[in-house]
$ cat protein_22.cif   # mmCIF, C-alpha atoms
data_data
#
loop_
_atom_site.group_PDB
_atom_site.id
_atom_site.type_symbol
_atom_site.label_atom_id
_atom_site.label_comp_id
_atom_site.auth_asym_id
_atom_site.auth_seq_id
_atom_site.Cartn_x
_atom_site.Cartn_y
_atom_site.Cartn_z
ATOM 1 C CA MET A 1 32.836 -26.088 47.697
ATOM 2 C CA ARG A 2 32.519 -22.323 47.599
ATOM 3 C CA THR A 3 33.508 -22.274 43.910
ATOM 4 C CA LEU A 4 30.914 -24.931 43.141
ATOM 5 C CA ARG A 5 28.182 -22.940 44.898
ATOM 6 C CA CYS A 6 29.223 -19.799 43.034
ATOM 7 C CA PHE A 7 29.107 -21.674 39.732
ATOM 8 C CA ALA A 8 25.669 -23.113 40.523
ATOM 9 C CA LEU A 9 24.319 -19.665 41.423
ATOM 10 C CA SER A 10 25.730 -18.124 38.235
ATOM 11 C CA ALA A 11 24.299 -20.892 36.093
ATOM 12 C CA GLY A 12 20.917 -20.472 37.769
ATOM 13 C CA ALA A 13 20.997 -16.730 37.161
ATOM 14 C CA LEU A 14 21.824 -17.290 33.498
ATOM 15 C CA VAL A 15 18.945 -19.759 33.074
ATOM 16 C CA LEU A 16 16.532 -17.345 34.760
ATOM 17 C CA ALA A 17 17.737 -14.464 32.582
ATOM 18 C CA ALA A 18 17.274 -16.558 29.448
ATOM 19 C CA LEU A 19 13.754 -17.517 30.501
ATOM 20 C CA HIS A 20 12.671 -13.975 31.283
ATOM 21 C CA SER A 21 14.370 -11.908 28.600
ATOM 22 C CA PRO A 22 12.379 -11.188 25.436
ATOM 23 C CA PRO A 23 13.368 -13.044 22.260
ATOM 24 C CA ALA A 24 16.337 -11.529 20.458
ATOM 25 C CA ASP A 25 14.207 -10.313 17.545
ATOM 26 C CA ALA A 26 11.483 -8.725 19.674
ATOM 27 C CA ALA A 27 12.740 -5.236 19.020
ATOM 28 C CA ARG A 28 11.902 -3.281 15.896
ATOM 29 C CA ALA A 29 14.668 -3.313 13.282
ATOM 30 C CA THR A 30 15.302 -0.817 10.481
ATOM 31 C CA VAL A 31 15.966 -2.521 7.139
ATOM 32 C CA LYS A 32 16.206 -1.644 3.444
ATOM 33 C CA PHE A 33 12.822 -2.005 1.777
ATOM 34 C CA ALA A 34 11.453 -0.807 -1.552
ATOM 35 C CA GLY A 35 8.439 -1.199 -3.806
ATOM 36 C CA TYR A 36 5.669 0.047 -1.506
ATOM 37 C CA PHE A 37 4.339 3.458 -0.589
ATOM 38 C CA PRO A 38 5.785 5.057 2.532
ATOM 39 C CA GLY A 39 3.355 4.871 5.426
ATOM 40 C CA SER A 40 1.921 1.533 4.358
ATOM 41 C CA ILE A 41 2.159 -1.801 6.130
ATOM 42 C CA VAL A 42 3.380 -4.922 4.353
ATOM 43 C CA VAL A 43 3.107 -8.387 5.895
ATOM 44 C CA LYS A 44 5.213 -11.179 4.407
ATOM 45 C CA THR A 45 3.668 -14.306 5.846
ATOM 46 C CA ASN A 46 6.429 -16.715 4.814
ATOM 47 C CA GLU A 47 8.940 -14.505 6.597
ATOM 48 C CA ARG A 48 6.593 -13.973 9.540
ATOM 49 C CA ARG A 49 7.571 -10.326 9.395
ATOM 50 C CA LEU A 50 5.599 -7.089 9.214
ATOM 51 C CA TYR A 51 7.105 -3.995 7.584
ATOM 52 C CA TYR A 52 6.133 -0.395 8.168
ATOM 53 C CA VAL A 53 7.405 1.428 5.078
ATOM 54 C CA LEU A 54 9.513 4.557 5.588
ATOM 55 C CA PRO A 55 10.035 7.303 2.981
ATOM 56 C CA ASP A 56 13.738 6.715 2.352
ATOM 57 C CA GLY A 57 13.786 3.194 0.902
ATOM 58 C CA LYS A 58 13.739 1.678 4.355
ATOM 59 C CA ALA A 59 11.204 0.084 6.670
ATOM 60 C CA TYR A 60 10.735 -0.861 10.275
ATOM 61 C CA ARG A 61 10.572 -4.631 10.507
ATOM 62 C CA TYR A 62 8.721 -6.444 13.265
ATOM 63 C CA PRO A 63 8.299 -10.191 13.934
ATOM 64 C CA VAL A 64 4.686 -11.410 13.743
ATOM 65 C CA GLY A 65 2.727 -14.580 14.249
ATOM 66 C CA VAL A 66 0.681 -15.427 11.141
ATOM 67 C CA GLY A 67 -2.070 -17.821 10.101
ATOM 68 C CA ARG A 68 -1.422 -21.489 10.643
ATOM 69 C CA GLY A 69 -2.096 -24.098 7.948
ATOM 70 C CA GLY A 70 -5.210 -23.246 5.973
ATOM 71 C CA LYS A 71 -5.743 -19.952 7.824
ATOM 72 C CA SER A 72 -3.230 -17.895 5.879
ATOM 73 C CA TRP A 73 -4.420 -15.307 3.349
ATOM 74 C CA THR A 74 -3.109 -12.628 1.022
ATOM 75 C CA GLY A 75 -4.598 -9.374 -0.236
ATOM 76 C CA SER A 76 -4.740 -5.614 0.050
ATOM 77 C CA GLU A 77 -6.742 -4.143 2.921
ATOM 78 C CA TYR A 78 -6.615 -1.029 5.074
ATOM 79 C CA ILE A 79 -7.095 -0.118 8.716
ATOM 80 C CA ILE A 80 -10.722 0.474 9.656
ATOM 81 C CA GLY A 81 -10.418 0.448 13.437
ATOM 82 C CA MET A 82 -7.827 1.245 16.087
ATOM 83 C CA ARG A 83 -8.318 0.188 19.684
ATOM 84 C CA ARG A 84 -6.129 0.174 22.755
ATOM 85 C CA ASN A 85 -6.710 -2.581 25.332
ATOM 86 C CA PRO A 86 -9.953 -3.623 23.655
ATOM 87 C CA ASP A 87 -12.450 -6.016 25.127
ATOM 88 C CA TRP A 88 -12.575 -9.037 22.835
ATOM 89 C CA SER A 89 -15.329 -11.412 21.783
ATOM 90 C CA PRO A 90 -14.531 -14.627 19.947
ATOM 91 C CA PRO A 91 -16.211 -14.860 16.541
ATOM 92 C CA ALA A 92 -18.259 -17.960 15.708
ATOM 93 C CA GLU A 93 -15.369 -19.931 14.177
ATOM 94 C CA VAL A 94 -13.135 -19.389 17.203
ATOM 95 C CA LYS A 95 -15.965 -20.089 19.639
ATOM 96 C CA ARG A 96 -16.765 -23.323 17.819
ATOM 97 C CA ASP A 97 -13.156 -24.483 18.171
ATOM 98 C CA ASN A 98 -12.871 -23.233 21.757
ATOM 99 C CA PRO A 99 -16.302 -23.545 23.360
ATOM 100 C CA HIS A 100 -14.835 -22.861 26.816
ATOM 101 C CA LEU A 101 -14.031 -19.251 25.851
ATOM 102 C CA PRO A 102 -16.237 -16.642 27.512
ATOM 103 C CA ASN A 103 -18.362 -14.423 25.276
ATOM 104 C CA VAL A 104 -16.386 -11.332 26.274
ATOM 105 C CA ILE A 105 -12.839 -11.050 27.642
ATOM 106 C CA LYS A 106 -12.064 -7.704 29.233
ATOM 107 C CA GLY A 107 -9.290 -5.608 27.769
ATOM 108 C CA GLY A 108 -6.067 -5.486 29.734
ATOM 109 C CA THR A 109 -6.564 -8.908 31.333
ATOM 110 C CA PRO A 110 -4.044 -11.745 30.901
ATOM 111 C CA GLU A 111 -6.666 -13.840 29.105
ATOM 112 C CA ASN A 112 -7.250 -11.276 26.370
ATOM 113 C CA PRO A 113 -5.493 -12.375 23.135
ATOM 114 C CA MET A 114 -5.517 -8.839 21.681
ATOM 115 C CA GLY A 115 -2.869 -7.673 24.128
ATOM 116 C CA VAL A 116 -2.441 -3.923 24.444
ATOM 117 C CA ALA A 117 -3.868 -2.863 21.071
ATOM 118 C CA ALA A 118 -5.618 -3.959 17.888
ATOM 119 C CA LEU A 119 -5.651 -2.556 14.355
ATOM 120 C CA ILE A 120 -8.763 -3.916 12.681
ATOM 121 C CA LEU A 121 -8.578 -4.549 8.949
ATOM 122 C CA SER A 122 -11.100 -4.038 6.174
ATOM 123 C CA GLY A 123 -12.449 -7.051 4.350
ATOM 124 C CA GLY A 124 -15.204 -7.750 6.840
ATOM 125 C CA GLY A 125 -13.301 -6.785 9.974
ATOM 126 C CA GLN A 126 -12.539 -10.401 10.832
ATOM 127 C CA TYR A 127 -8.763 -9.929 10.885
ATOM 128 C CA ALA A 128 -6.568 -7.635 12.931
ATOM 129 C CA ILE A 129 -2.978 -6.785 13.634
ATOM 130 C CA HIS A 130 -2.809 -7.009 17.394
ATOM 131 C CA GLY A 131 -0.704 -7.597 20.491
ATOM 132 C CA THR A 132 -0.735 -10.827 22.398
ATOM 133 C CA ASN A 133 -1.072 -12.584 25.730
ATOM 134 C CA LYS A 134 1.219 -15.351 24.412
ATOM 135 C CA PRO A 135 4.486 -13.688 23.413
ATOM 136 C CA GLY A 136 6.095 -17.073 22.812
ATOM 137 C CA SER A 137 3.815 -17.560 19.798
ATOM 138 C CA VAL A 138 5.022 -14.455 17.939
ATOM 139 C CA GLY A 139 7.096 -15.432 14.933
ATOM 140 C CA GLY A 140 5.223 -18.662 14.257
ATOM 141 C CA PHE A 141 2.378 -20.011 12.129
ATOM 142 C CA VAL A 142 -0.035 -19.817 15.015
ATOM 143 C CA SER A 143 -3.137 -17.754 14.336
ATOM 144 C CA TYR A 144 -6.556 -17.855 12.697
ATOM 145 C CA GLY A 145 -5.231 -15.411 10.092
ATOM 146 C CA CYS A 146 -4.582 -12.399 12.299
ATOM 147 C CA PHE A 147 -1.130 -10.915 12.764
ATOM 148 C CA ARG A 148 0.171 -11.251 16.283
ATOM 149 C CA MET A 149 2.864 -8.855 17.501
ATOM 150 C CA TYR A 150 4.735 -8.357 20.733
ATOM 151 C CA ASN A 151 2.860 -5.837 22.850
ATOM 152 C CA GLU A 152 5.726 -3.343 22.734
ATOM 153 C CA ASP A 153 5.778 -3.629 18.936
ATOM 154 C CA ILE A 154 2.027 -3.137 18.383
ATOM 155 C CA ASP A 155 2.240 -0.197 20.773
ATOM 156 C CA ASP A 156 4.998 1.307 18.612
ATOM 157 C CA LEU A 157 3.168 0.610 15.338
ATOM 158 C CA PHE A 158 -0.124 1.954 16.727
ATOM 159 C CA GLY A 159 1.432 5.377 17.101
ATOM 160 C CA ARG A 160 2.520 5.470 13.464
ATOM 161 C CA VAL A 161 -0.646 4.503 11.589
ATOM 162 C CA PHE A 162 -4.094 5.944 10.931
ATOM 163 C CA PHE A 163 -7.515 4.949 9.735
ATOM 164 C CA GLY A 164 -7.052 4.094 6.075
ATOM 165 C CA THR A 165 -3.399 3.014 6.319
ATOM 166 C CA PRO A 166 -2.930 0.419 3.527
ATOM 167 C CA VAL A 167 -2.045 -3.122 4.611
ATOM 168 C CA VAL A 168 -0.647 -5.459 1.940
ATOM 169 C CA VAL A 169 -0.418 -9.137 2.855
ATOM 170 C CA THR A 170 1.824 -11.285 0.672
ATOM 171 C CA ARG A 171 3.422 -14.729 0.882
ATOM 172 C CA MET B 1 3.961 38.352 0.246
ATOM 173 C CA LYS B 2 4.853 37.411 3.824
ATOM 174 C CA ILE B 3 1.186 37.318 4.746
ATOM 175 C CA ILE B 4 0.367 34.986 1.868
ATOM 176 C CA THR B 5 3.241 32.665 2.848
ATOM 177 C CA LEU B 6 2.080 32.675 6.454
ATOM 178 C CA ALA B 7 -1.506 31.957 5.396
ATOM 179 C CA VAL B 8 -0.400 29.018 3.229
ATOM 180 C CA VAL B 9 1.750 27.552 6.023
ATOM 181 C CA ALA B 10 -1.072 27.987 8.537
ATOM 182 C CA SER B 11 -3.557 26.313 6.195
ATOM 183 C CA ILE B 12 -1.283 23.343 5.644
ATOM 184 C CA ALA B 13 -0.679 23.011 9.399
ATOM 185 C CA LEU B 14 -4.404 23.158 10.134
ATOM 186 C CA LEU B 15 -5.169 20.622 7.438
ATOM 187 C CA ALA B 16 -2.438 18.263 8.668
ATOM 188 C CA GLY B 17 -3.581 18.667 12.258
ATOM 189 C CA GLY B 18 -7.161 17.967 11.297
ATOM 190 C CA CYS B 19 -6.187 14.883 9.317
ATOM 191 C CA MET B 20 -4.137 13.578 12.214
ATOM 192 C CA HIS B 21 -6.929 14.261 14.668
ATOM 193 C CA PHE B 22 -9.654 12.643 12.623
ATOM 194 C CA GLY B 23 -7.356 9.833 11.517
ATOM 195 C CA LYS B 24 -6.812 8.667 15.085
ATOM 196 C CA ALA B 25 -9.014 6.161 16.782
ATOM 197 C CA PRO B 26 -11.992 7.124 18.869
ATOM 198 C CA ILE B 27 -12.209 5.481 22.269
ATOM 199 C CA GLY B 28 -14.533 2.588 21.639
ATOM 200 C CA LYS B 29 -16.388 0.501 24.184
ATOM 201 C CA ALA B 30 -17.801 -2.407 22.201
ATOM 202 C CA PRO B 31 -15.637 -5.518 22.162
ATOM 203 C CA VAL B 32 -13.734 -6.241 19.001
ATOM 204 C CA VAL B 33 -14.926 -9.415 17.305
ATOM 205 C CA THR B 34 -11.946 -10.571 15.311
ATOM 206 C CA LYS B 35 -10.071 -13.786 14.968
ATOM 207 C CA TYR B 36 -6.723 -13.920 16.719
#

$ encode --input "protein_22.cif" --output "structure tokens"
Amino acid sequence: MRTLRCFALSAGALVLAALHSPPADAARATVKFAGYFPGSIVVKTNERRLYYVLPDGKAYRYPVGVGRGGKSWTGSEYIIGMRRNPDWSPPAEVKRDNPHLPNVIKGGTPENPMGVAALILSGGGQYAIHGTNKPGSVGGFVSYGCFRMYNEDIDDLFGRVFFGTPVVVTR
Amino acid sequence: MKIITLAVVASIALLAGGCMHFGKAPIGKAPVVTKY
């Protein structure tokens, strides 16, 4: 009886640990990477990965959520805005699809989809690389075209980039 | 010669510092209006 109780408790602990631990690929990884200028960001949407290019033929690789069907895009942009815990307002397209959304969601609240930081991209400023309030969606085809990172990852990337950092988005 | 070297190093440091300072984000208040 005691053994059975012990087994049940251990199994419960394992299930809880699995539910609460971050996904295995949440952490930044260093990989070989060539063909882009050091200091630039490259997003490969088919891989659902973002690369921050390092000077020695390597890059930091992060998992990202990318645009779902019909919302994906490619191109060369650059960072035009950097904000930590920004308030967020849904643009017209998002508001139309989600009319229940408030006009402004305060930064740092659990409802705010930007998470802890946002890097706003050129090309009209409609897309951003940002954190998330739904970490389970990172790594999927989930967004309106923005790039969704784990909050710890966008926090790490935020400290490495500047206004004007090039961002190349490819398939 | 030493003075020239020092002046060059100081100029580069100042320039780099300035770039880093002005390259960083200001603290903004307006909400961002991006997709997500």

$ residues_around --input "protein_22.cif" --residues "Tyr36 (chain A)" --least-positions-apart "3" --cutoff "12 Å" --atoms "only C-alpha atoms" --output "list in words"
Lys32, Phe33, Gly39, Ser40, Ile41, Val42, Val43, Tyr51, Tyr52, Val53, Leu54, Pro55, Asp56, Gly57, Lys58, Ala59, Ser76, Pro166, Val167, Val168 and Val169 of chain A

$ write_last_selection --input "protein_22.cif" --atoms "C-alpha atoms" --output "PDB file, in the frame of the given file"
ATOM      1  CA  LYS A  32      16.206  -1.644   3.444  1.00  0.00           C
ATOM      2  CA  PHE A  33      12.822  -2.005   1.777  1.00  0.00           C
ATOM      3  CA  GLY A  39       3.355   4.871   5.426  1.00  0.00           C
ATOM      4  CA  SER A  40       1.921   1.533   4.358  1.00  0.00           C
ATOM      5  CA  ILE A  41       2.159  -1.801   6.130  1.00  0.00           C
ATOM      6  CA  VAL A  42       3.380  -4.922   4.353  1.00  0.00           C
ATOM      7  CA  VAL A  43       3.107  -8.387   5.895  1.00  0.00           C
ATOM      8  CA  TYR A  51       7.105  -3.995   7.584  1.00  0.00           C
ATOM      9  CA  TYR A  52       6.133  -0.395   8.168  1.00  0.00           C
ATOM     10  CA  VAL A  53       7.405   1.428   5.078  1.00  0.00           C
ATOM     11  CA  LEU A  54       9.513   4.557   5.588  1.00  0.00           C
ATOM     12  CA  PRO A  55      10.035   7.303   2.981  1.00  0.00           C
ATOM     13  CA  ASP A  56      13.738   6.715   2.352  1.00  0.00           C
ATOM     14  CA  GLY A  57      13.786   3.194   0.902  1.00  0.00           C
ATOM     15  CA  LYS A  58      13.739   1.678   4.355  1.00  0.00           C
ATOM     16  CA  ALA A  59      11.204   0.084   6.670  1.00  0.00           C
ATOM     17  CA  SER A  76      -4.740  -5.614   0.050  1.00  0.00           C
ATOM     18  CA  PRO A 166      -2.930   0.419   3.527  1.00  0.00           C
ATOM     19  CA  VAL A 167      -2.045  -3.122   4.611  1.00  0.00           C
ATOM     20  CA  VAL A 168      -0.647  -5.459   1.940  1.00  0.00           C
ATOM     21  CA  VAL A 169      -0.418  -9.137   2.855  1.00  0.00           C
TER      22      VAL A 169
END

$ atom_distance --input "protein_22.cif" --atom1 "CA of Gly67 (chain A)" --atom2 "CA of Ala128 (chain A)"
11.5 Å

$ closest_atom_pairs --input "protein_22.cif" --of "chain A" --to "chain B" --cutoff "8 Å" --atoms "only C-alpha atoms" --output "tab-separated table"
residue	atom	partner	partner_atom	distance
A:Gly81	CA	B:Ala25	CA	6.8
A:Met82	CA	B:Ala25	CA	5.1
A:Arg83	CA	B:Ala25	CA	6.7
A:Pro86	CA	B:Pro31	CA	6.2
A:Asp87	CA	B:Pro31	CA	4.4
A:Trp88	CA	B:Pro31	CA	4.7
A:Ser89	CA	B:Val33	CA	4.9
A:Pro90	CA	B:Val33	CA	5.9
A:Pro91	CA	B:Val33	CA	5.6
A:Val94	CA	B:Lys35	CA	6.8
A:Val104	CA	B:Pro31	CA	7.2
A:Pro113	CA	B:Tyr36	CA	6.7
A:Met114	CA	B:Tyr36	CA	7.2
A:Ile120	CA	B:Thr34	CA	7.8
A:Gly125	CA	B:Thr34	CA	6.7
A:Gln126	CA	B:Thr34	CA	4.5
A:Tyr127	CA	B:Thr34	CA	5.5
A:Ala128	CA	B:Thr34	CA	6.6
A:His130	CA	B:Tyr36	CA	8.0
A:Ser143	CA	B:Tyr36	CA	5.8
A:Tyr144	CA	B:Tyr36	CA	5.6
A:Gly145	CA	B:Tyr36	CA	7.0
A:Cys146	CA	B:Tyr36	CA	5.1
A:Phe147	CA	B:Tyr36	CA	7.5
A:Arg148	CA	B:Tyr36	CA	7.4
A:Phe162	CA	B:Gly23	CA	5.1
A:Phe163	CA	B:Gly23	CA	5.2
A:Gly164	CA	B:Gly23	CA	7.9

$ write_last_selection --input "protein_22.cif" --atoms "C-alpha atoms" --output "PDB file, keeping the file's coordinate frame"
ATOM      1  CA  GLY A  81     -10.418   0.448  13.437  1.00  0.00           C
ATOM      2  CA  MET A  82      -7.827   1.245  16.087  1.00  0.00           C
ATOM      3  CA  ARG A  83      -8.318   0.188  19.684  1.00  0.00           C
ATOM      4  CA  PRO A  86      -9.953  -3.623  23.655  1.00  0.00           C
ATOM      5  CA  ASP A  87     -12.450  -6.016  25.127  1.00  0.00           C
ATOM      6  CA  TRP A  88     -12.575  -9.037  22.835  1.00  0.00           C
ATOM      7  CA  SER A  89     -15.329 -11.412  21.783  1.00  0.00           C
ATOM      8  CA  PRO A  90     -14.531 -14.627  19.947  1.00  0.00           C
ATOM      9  CA  PRO A  91     -16.211 -14.860  16.541  1.00  0.00           C
ATOM     10  CA  VAL A  94     -13.135 -19.389  17.203  1.00  0.00           C
ATOM     11  CA  VAL A 104     -16.386 -11.332  26.274  1.00  0.00           C
ATOM     12  CA  PRO A 113      -5.493 -12.375  23.135  1.00  0.00           C
ATOM     13  CA  MET A 114      -5.517  -8.839  21.681  1.00  0.00           C
ATOM     14  CA  ILE A 120      -8.763  -3.916  12.681  1.00  0.00           C
ATOM     15  CA  GLY A 125     -13.301  -6.785   9.974  1.00  0.00           C
ATOM     16  CA  GLN A 126     -12.539 -10.401  10.832  1.00  0.00           C
ATOM     17  CA  TYR A 127      -8.763  -9.929  10.885  1.00  0.00           C
ATOM     18  CA  ALA A 128      -6.568  -7.635  12.931  1.00  0.00           C
ATOM     19  CA  HIS A 130      -2.809  -7.009  17.394  1.00  0.00           C
ATOM     20  CA  SER A 143      -3.137 -17.754  14.336  1.00  0.00           C
ATOM     21  CA  TYR A 144      -6.556 -17.855  12.697  1.00  0.00           C
ATOM     22  CA  GLY A 145      -5.231 -15.411  10.092  1.00  0.00           C
ATOM     23  CA  CYS A 146      -4.582 -12.399  12.299  1.00  0.00           C
ATOM     24  CA  PHE A 147      -1.130 -10.915  12.764  1.00  0.00           C
ATOM     25  CA  ARG A 148       0.171 -11.251  16.283  1.00  0.00           C
ATOM     26  CA  PHE A 162      -4.094   5.944  10.931  1.00  0.00           C
ATOM     27  CA  PHE A 163      -7.515   4.949   9.735  1.00  0.00           C
ATOM     28  CA  GLY A 164      -7.052   4.094   6.075  1.00  0.00           C
TER      29      GLY A 164
END

$ closest_residue --input "protein_22.cif" --among "A:Ile129, A:Met149, A:Val142, A:Val31" --to "Gly70 (chain A)" --atoms "all atoms listed in the file"
A:Val142

$ axis_aligned_box --input "protein_22.cif" --around "region 120-134 of chain A" --padding-each-side "3 Å" --output "AutoDock Vina command-line options"
--center_x -7.0 --center_y -9.6 --center_z 15.0 --size_x 22.4 --size_y 17.4 --size_z 27.4

$ atom_distance --input "protein_22.cif" --atom1 "CA of Val138 (chain A)" --atom2 "CA of Asn46 (chain A)"
13.4 Å

$ resolve_selection --input "protein_22.cif" --expression "the PyMOL selection byres ((chain A and resi 151) around 8)" --output "count of residues only"
12

$ atom_distance --input "protein_22.cif" --atom1 "CA of Ile79 (chain A)" --atom2 "CA of Tyr60 (chain A)"
17.9 Å
